[in-house]
Structure formats: C-alpha cells, structure tokens
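So the structure is just underneath, and the comments pick up after that.
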Number of protein chains: 2
Amino acid sequence: MIETPNRPRLLIIDDEQAIRRFLHTALDGSEFALYDAEDGHTALAAAATLLPDLILLDLGLPDMDGIEVISRLRELSLVPIIVLSVRDREGDKVAALNAGADDYLTKPFGIEELLARIRVVLRRSQPQVAEPVFSDEDLTVDIAHRRVTAQGNDIALTPTEYDLLRLLVSHAGKVLTHSQILKHIWGVTYLEQPHVLRVNISNLRRKIEANPSRPRHIITEPGVGYRLRVSET
Amino acid sequence: MIETPNRPRLLIIDDEQAIRRFLHTALDGSEFALYDAEDGHTALAAAATLLPDLILLDLGLPDMDGIEVISRLRELSLVPIIVLSVRDREGDKVAALNAGADDYLTKPFGIEELLARIRVVLRRSQPQVAEPVFSDEDLTVDIAHRRVTAQGNDIALTPTEYDLLRLLVSHAGKVLTHSQILKHIWGVTYLEQPHVLRVNISNLRRKIEANPSRPRHIITEPGVGYRLRVSET
DNA sequence: CCGGATCTTGACACTTTCTTTATGATTTTT
DNA sequence: AAAAATCATAAAGAAAGTGTCAAGATCCGG
C-alpha cells in the first residue's frame with residue numbers, strides 16, 4: 001500500500017468483515033487513509049504505531065471487552081474515538097462515553113450521519129485556526145479582539161467609529177448606502193440627517209488612513225454611500 | 001449573594017416549560033448554574049452576554065429555525081452545543097451537526113446518557129482553558145493556586161477582585177463588555193448598575209498596577225468594557 | 001456581641017465622546 | 001462656466017462615560 005501521510009488516518013476496529021467493507025465503501029473517496037484492525041490487541045498495537053487521527057470502534061470484539069479497549073486507547077492518546085455498536089442500552093452508552101469515547105452510534109446508522117459526526121469530532125480535535133480578521137495593506141481589523149491597527153500601530157476607536165468600521169468590514173468590497181449605514185448605527189430616526197455620518201467617516205479616516213484627504217481604504221461612492229476597498233490579487 | 005458565578009454555566013434553550021423543568025430536575029445538584037431561554041432571539045442575546053460554557057438547544061423554537069440558531073451562535077463563539085430534538089430524521093441530524101452542533105440527542109433520551117454526553121463535550125472543550133497560569137511583564141496569575149504576584153510581591157485580593165481578575169485572565173487579550181462582566185460576577189440584577197464594576201476595577205488596579213493612573217494591564221476600552229493586555233511577541 | 005474585612009452606594013471631579021453648527025472644498029448638473 | 005448639490009473638516013457645547021475617595025451596610029469568625 002502506498003502511504004499517504006498527508007491525509008488524516010482513520011483506524012477501523014471491527015471483527016466483522018462485512019462492517020469493515022461497508023465502512024470502506026462509505027468512506028471511499030473521502031479524505032481519509034483507512035486502516036483496519038480485527039481485534040483489541042491488534043488495534044492497540046496499531047494505534048500505538050500508526051497514531052491515527054480518528055478511531056471507529058466496534059464494542060463487540062472477540063478478545064477484549066470494548067470498554068477496556070477504550071480505556072487502553074486513552075492511556076495512549078486523546079485520539080477521537082467513535083463507538084459503533086448494535087447495543088442500544090443506555091448503560092452501554094454511558095460506560096463507553098465515560099471511559100473516554102467521543103461519540104456512540106447505534107447500528108444501523110446512516111452513512112451521512114456517521115460522516116457528520118466524524119466531522120464534529122475532527123473539528124473539535126483540530127486546533128482553532130480561523131480568526132475572523134480583515135486585513136488589507138496597512139490596515140487590519142480583528143473583530144474577535146476588537147483591535148484595529150494601521151501602519152503597524154494600535155488605533156483607539158470610539159464605539160461609534162468602531163461600529164461603523166465593523167459594518168464596513170462585514171461588507172468589505174461592497175457599497176453601503178447612506179441610509180443603510182444610518183439605519184444600522186443611528187436608527188431610522190437619523191435617516192434625514194446624513195451629517196453625522198460624514199463627520200464620523202472623516203474622524204475614522206483621520207485615524208486609519210495614512211493620508212486622510214486621499215483615502216485608500218474608505219472609498220466615497222458619490223451620491224450612493226461608502227465602500228471599504230479590498231486590494232486586487 | 002444568590003448567584004454562584006464560579007460554576008460552569010449551562011444555557012437551556014427550549015420553549016416547552018415541561019422540558020425545562022425536566023432538565024432542571026435532572027441537572028439539579030449537578031455542578032452547573034442553569035439559565036433558560038424560551039426563544040431564539042432571547043437565546044442569542046443571553047449567549048452573547050452570559051458566555052455560557054455549554055448550550056442545550058431544542059430545534060423546535062417558535063421564532064427561529066433551529067439550524068439558524070446554531071449558525072448564529074457559532075458566529076459568537078465555539079461554545080459546545082448539544083441539540084435535543086424529537087425529530088429523528090438523518091437529514092435533521094446532519095444539518096444540525098454540520099451547522100456546528102457538537103451532538104444530537106433524540107427525545108426521549110435517558111438522563112444518564114445526557115449527562116455522559118455533556119461530560120464528553122466539556123472534556124473536549126477544556127483544553128482551551130488549559131492555561132493555568134497567566135504571565136505578562138510584572139504580573140502573574142496562578143489560577144490553580146489562587147496566587148497573584150505583581151512586581152515580585154504577593155498580592156492579597158478580595159474574592160470579588162479575584163473573580164474579576166480571573167475572568168479577565170480567562171479571556172486575556174479580548175475585550176469583555178461591561179454587561180458581560182456584570183452578568184458573570186454580580187448577576188443579571190446588576191446590569192443597570194455599572195458603578196460597582198468601576199470601583200472594583202479601580203481597586204484592582206491599585207493593587208496590581210505599578211502606576212494605577214496609567215494602567216498597563218487592565219486596559220479601558222471606552223464605551224465598551226475592559227481588556228487584559230497581552231504583550232506583543 | 002464585637003472587630004475587622006469586604007461590599008455597596010453616593011458624591012464629585014475629570015475625561016472622552018456625541019451631536020450640532022459653521023465653513024470651505026469638491027463634484028455634478030444645468 | 002456658473003449654479004446647485006454633495007462632501008469634508010474643524011470647532012464648541014452638550015451629553016455620557018470614567019476614576020477615585022469615603023461613608024455606611026453587611027458579613028464573618030472569634
């Protein structure tokens with residue numbers, strides 16, 4: 001077999017060939033590299049050397065108790081374990097989950113649900129990466145931390161200025177009309193009062209634009225509204 | 001004080017009072033502080049200010065689609081969400097899990113299984129908080145030992161001051177709004193009374209800041225709240 | 001019941017922010 | 001090119017937010 005170490009490794013622990021074949025068919029073409037083990041001892045050895053990213057475990061193994069397999073796996077690592085079992089008794093589920101399993105699916109189950117639950121446990125085991133941060137040239141807006149930097153410096157924004165910038169960021173590249181912005185930040189009562197918007201745009205530009213009279217980020221769309229520019233390429 | 005803000009907070013989102021009462025009974029005496037929401041909009045507002053550690057969500061809400069509630073919650077945070085639903089169709093489960101739910105339990109379910117699955121998702125979400133000691137410049141906060149030092153000296157904090165500092169530490173770098181802090185430490189009844197927060201921030205600064213009038217650790221975000229600064233690089 | 005620590009509340013000075021007004025600049029229309 | 005509309009900036013008073021001190025109120029262990 002050709003190793004493909006880039007794909008996440010999935011270890012299937014089940015003594016019935018029919019189940020393994022079913023899972024192989026179901027997961028074929030998915031992003032996983034599949035490995036099999038037919039009994040508990042083989043599985044533990046495989047988990048130790050293979051270091052899989054996910055384990056699908058049938059509780060009814062010939063040589064070991066399923067719960068003990070989970071416990072022994074947990075001594076090795078925190079690899080996500082999804083239990084597949086014909087047993088539907090609550091006690092079995094609780095025991096497996098308490099022993100360290102991450103999920104418990106009762107056979108028969110749909111392949112789509114299995115795939116969805118696999119995605120859930122992988123999502124949780126992956127370190128968090130995606131922070132919603134807008135970045136363009138010398139301007140960065142970190143919504144999660146409420147931090148804005150321009151030309152490398154932290155910028156202190158007033159609440160309204162920040163609300164305005166956040167609104168622009170959330171629609172980056174698109175034009176927001178005067179009335180849309182006014183309605184969102186000042187409410188419908190200010191629809192006839194566009195001055196307040198201009199003043200705040202001006203203040204915002206003075207803080208985040210290198211040259212406020214020649215804005216590169218907050219673009220005026222004459223007669224329409226404003227737009228946060230997004231650089232090409 | 002009625003509130004016990006140290007316990008993990010569990011937000012129950014369900015429009016049926018019978019279910020809420022059942023869950024309250026089932027979870028009574030558990031380690032959780034329970035909060036309720038009866039519709040989607042209330043739930044989203046509560047999640048934003050309450051910062052719960054876990055959410056139990058019924059999909060059949062009167063005012064919003066359950067899947068959308070999950071999506072909107074996910075825009076706010078990565079808080080674990082367990083869906084409780086009468087619908088047993090695979091499509092519903094897959095949609096909920098893909099939208100960001102961590103588990104999906106079909107009613108009726110056993111209370112032991114629910115507790116076990118709660119433990120599972122909490123176990124998985126723990127590593128995020130696995131930083132037991134905060135350290136930045138001349139300030140160190142050791143949560144495990146409840147020890148705070150500044151400029152090399154041990155600092156004696158009152159319970160409220162320590163709770164406040166711990167809350168800031170657990171969200172270091174992020175801005176905590178006034179209402180989030182007030183709800184956390186003083187409970188919802190103090191939402192209209194931000195004064196008590198200012199006094200405690202002031203007292204805390206006097207103890208841990210080298211120059212309390214020029215704070216380097218507890219930063220005021222005007223009009224928004226406070227943030228514990230984390231030095232760059 | 002007392003003493004000390006802690007929490008809450010009120011008062012006040014201070015700072016920042018918001019809104020409005022005014023005026024000049026720019027763009028579009030006639 | 002002139003007129004009209006739109007846009008940008010500065011400045012000032014009003015409003016809201018913030019920090020600090022200090023006086024009661026409350027809680028707790030002896």
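By order of appearance in the structure tokens: chains A, B, ..., then residues from 1 within every chain, and ligands from 1 in the order shown.
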Within 10 Å of chain A: each chain D residue with its shortest pair, only C-alpha atoms (C1' of nucleotides), as a Markdown table:
| residue | atom | partner | partner_atom | distance |
| --- | --- | --- | --- | --- |
| D:DA5 | C1' | A:Gly223 | CA | 9.7 |
| D:DT6 | C1' | A:Gly223 | CA | 7.2 |
| D:DC7 | C1' | A:Arg198 | CA | 7.7 |
| D:DA8 | C1' | A:Ser202 | CA | 6.9 |
| D:DT9 | C1' | A:Ser202 | CA | 7.4 |
Take the selection from the previous step and output its residues with all heavy atoms, as an mmCIF file, in the first residue's frame.
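Saved file selection.cif follows:
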data_model
loop_
_atom_site.group_PDB
_atom_site.id
_atom_site.type_symbol
_atom_site.label_atom_id
_atom_site.label_comp_id
_atom_site.auth_asym_id
_atom_site.auth_seq_id
_atom_site.Cartn_x
_atom_site.Cartn_y
_atom_site.Cartn_z
ATOM 1 P P DA D 5 -30.195 72.402 -5.342
ATOM 2 O OP1 DA D 5 -31.567 72.013 -5.673
ATOM 3 O OP2 DA D 5 -29.938 73.409 -4.296
ATOM 4 O "O5'" DA D 5 -29.375 71.095 -4.984
ATOM 5 C "C5'" DA D 5 -29.161 70.098 -5.994
ATOM 6 C "C4'" DA D 5 -27.933 69.282 -5.657
ATOM 7 O "O4'" DA D 5 -26.766 70.136 -5.695
ATOM 8 C "C3'" DA D 5 -27.952 68.648 -4.258
ATOM 9 O "O3'" DA D 5 -27.972 67.234 -4.404
ATOM 10 C "C2'" DA D 5 -26.667 69.129 -3.590
ATOM 11 C "C1'" DA D 5 -25.830 69.634 -4.758
ATOM 12 N N9 DA D 5 -24.928 70.726 -4.412
ATOM 13 C C8 DA D 5 -25.269 71.970 -3.958
ATOM 14 N N7 DA D 5 -24.243 72.757 -3.746
ATOM 15 C C5 DA D 5 -23.146 71.967 -4.064
ATOM 16 C C6 DA D 5 -21.756 72.210 -4.051
ATOM 17 N N6 DA D 5 -21.233 73.368 -3.673
ATOM 18 N N1 DA D 5 -20.942 71.208 -4.448
ATOM 19 C C2 DA D 5 -21.477 70.046 -4.826
ATOM 20 N N3 DA D 5 -22.767 69.704 -4.889
ATOM 21 C C4 DA D 5 -23.553 70.716 -4.491
ATOM 22 P P DT D 6 -28.115 66.327 -3.091
ATOM 23 O OP1 DT D 6 -28.839 65.116 -3.501
ATOM 24 O OP2 DT D 6 -28.599 67.156 -1.968
ATOM 25 O "O5'" DT D 6 -26.596 65.923 -2.791
ATOM 26 C "C5'" DT D 6 -25.785 65.432 -3.857
ATOM 27 C "C4'" DT D 6 -24.331 65.450 -3.445
ATOM 28 O "O4'" DT D 6 -23.887 66.822 -3.286
ATOM 29 C "C3'" DT D 6 -24.026 64.750 -2.119
ATOM 30 O "O3'" DT D 6 -23.139 63.677 -2.360
ATOM 31 C "C2'" DT D 6 -23.403 65.848 -1.239
ATOM 32 C "C1'" DT D 6 -22.888 66.820 -2.292
ATOM 33 N N1 DT D 6 -22.722 68.219 -1.803
ATOM 34 C C2 DT D 6 -21.467 68.776 -1.782
ATOM 35 O O2 DT D 6 -20.465 68.178 -2.149
ATOM 36 N N3 DT D 6 -21.418 70.072 -1.316
ATOM 37 C C4 DT D 6 -22.480 70.842 -0.883
ATOM 38 O O4 DT D 6 -22.307 71.984 -0.493
ATOM 39 C C5 DT D 6 -23.768 70.198 -0.929
ATOM 40 C C7 DT D 6 -24.983 70.937 -0.480
ATOM 41 C C6 DT D 6 -23.832 68.919 -1.383
ATOM 42 P P DC D 7 -22.731 62.719 -1.155
ATOM 43 O OP1 DC D 7 -22.416 61.421 -1.777
ATOM 44 O OP2 DC D 7 -23.743 62.815 -0.092
ATOM 45 O "O5'" DC D 7 -21.376 63.368 -0.617
ATOM 46 C "C5'" DC D 7 -20.280 63.522 -1.513
ATOM 47 C "C4'" DC D 7 -19.148 64.275 -0.841
ATOM 48 O "O4'" DC D 7 -19.578 65.634 -0.585
ATOM 49 C "C3'" DC D 7 -18.704 63.711 0.520
ATOM 50 O "O3'" DC D 7 -17.346 63.312 0.420
ATOM 51 C "C2'" DC D 7 -18.921 64.860 1.507
ATOM 52 C "C1'" DC D 7 -18.933 66.079 0.585
ATOM 53 N N1 DC D 7 -19.698 67.243 1.104
ATOM 54 C C2 DC D 7 -19.033 68.444 1.381
ATOM 55 O O2 DC D 7 -17.812 68.502 1.202
ATOM 56 N N3 DC D 7 -19.745 69.507 1.833
ATOM 57 C C4 DC D 7 -21.062 69.399 2.009
ATOM 58 N N4 DC D 7 -21.720 70.476 2.457
ATOM 59 C C5 DC D 7 -21.767 68.182 1.731
ATOM 60 C C6 DC D 7 -21.054 67.142 1.284
ATOM 61 P P DA D 8 -16.618 62.679 1.704
ATOM 62 O OP1 DA D 8 -15.584 61.761 1.199
ATOM 63 O OP2 DA D 8 -17.650 62.218 2.646
ATOM 64 O "O5'" DA D 8 -15.879 63.937 2.336
ATOM 65 C "C5'" DA D 8 -14.881 64.593 1.577
ATOM 66 C "C4'" DA D 8 -14.167 65.636 2.414
ATOM 67 O "O4'" DA D 8 -15.094 66.724 2.690
ATOM 68 C "C3'" DA D 8 -13.657 65.134 3.768
ATOM 69 O "O3'" DA D 8 -12.319 65.576 3.923
ATOM 70 C "C2'" DA D 8 -14.607 65.771 4.791
ATOM 71 C "C1'" DA D 8 -15.056 67.035 4.076
ATOM 72 N N9 DA D 8 -16.410 67.487 4.419
ATOM 73 C C8 DA D 8 -17.567 66.746 4.379
ATOM 74 N N7 DA D 8 -18.642 67.426 4.709
ATOM 75 C C5 DA D 8 -18.160 68.698 4.987
ATOM 76 C C6 DA D 8 -18.803 69.892 5.394
ATOM 77 N N6 DA D 8 -20.121 69.990 5.604
ATOM 78 N N1 DA D 8 -18.032 70.985 5.580
ATOM 79 C C2 DA D 8 -16.709 70.877 5.368
ATOM 80 N N3 DA D 8 -15.998 69.821 4.980
ATOM 81 C C4 DA D 8 -16.790 68.750 4.806
ATOM 82 P P DT D 9 -11.417 65.001 5.101
ATOM 83 O OP1 DT D 9 -10.051 64.878 4.574
ATOM 84 O OP2 DT D 9 -12.108 63.846 5.662
ATOM 85 O "O5'" DT D 9 -11.428 66.161 6.189
ATOM 86 C "C5'" DT D 9 -10.978 67.451 5.793
ATOM 87 C "C4'" DT D 9 -11.378 68.488 6.810
ATOM 88 O "O4'" DT D 9 -12.809 68.652 6.816
ATOM 89 C "C3'" DT D 9 -11.000 68.162 8.260
ATOM 90 O "O3'" DT D 9 -9.931 69.013 8.625
ATOM 91 C "C2'" DT D 9 -12.277 68.438 9.060
ATOM 92 C "C1'" DT D 9 -13.153 69.179 8.070
ATOM 93 N N1 DT D 9 -14.630 69.016 8.226
ATOM 94 C C2 DT D 9 -15.400 70.106 8.511
ATOM 95 O O2 DT D 9 -14.942 71.228 8.655
ATOM 96 N N3 DT D 9 -16.756 69.850 8.621
ATOM 97 C C4 DT D 9 -17.381 68.628 8.476
ATOM 98 O O4 DT D 9 -18.588 68.518 8.592
ATOM 99 C C5 DT D 9 -16.503 67.519 8.179
ATOM 100 C C7 DT D 9 -17.079 66.163 8.008
ATOM 101 C C6 DT D 9 -15.179 67.757 8.071
#
Open item on the list: Tell me as a PyMOL selection string which residues belonging to chain C come within 10 Å of chain A, counting only C-alpha atoms (C1' of nucleotides).
Closed with: chain C and resi 16-20+27-28
- [ ] Specify as a PyMOL selection string all residues of chain A found within 7 Å of chain B, counting only C-alpha atoms.
- [x] chain A and resi 90+93-94+97-98+102+110+112-113+116-117+120+124+145-146+158-159
- [ ] Report the residues of segment 16-223 of chain B whose backbone DSSP state falls under strand (DSSP E), written as a VMD selection string.
- [x] chain B and resid 33 to 37 54 to 58 81 to 85 103 to 106 133 to 136 139 to 142 147 to 150 153 to 155 175 to 177 218 to 221
- [ ] List every residue of segment 23-60 of chain A that DSSP, applied to the backbone of this structure, assigns to helix (DSSP H, G or I), and report them as a ChimeraX atom specification.
- [x] /A:23-27,40-50
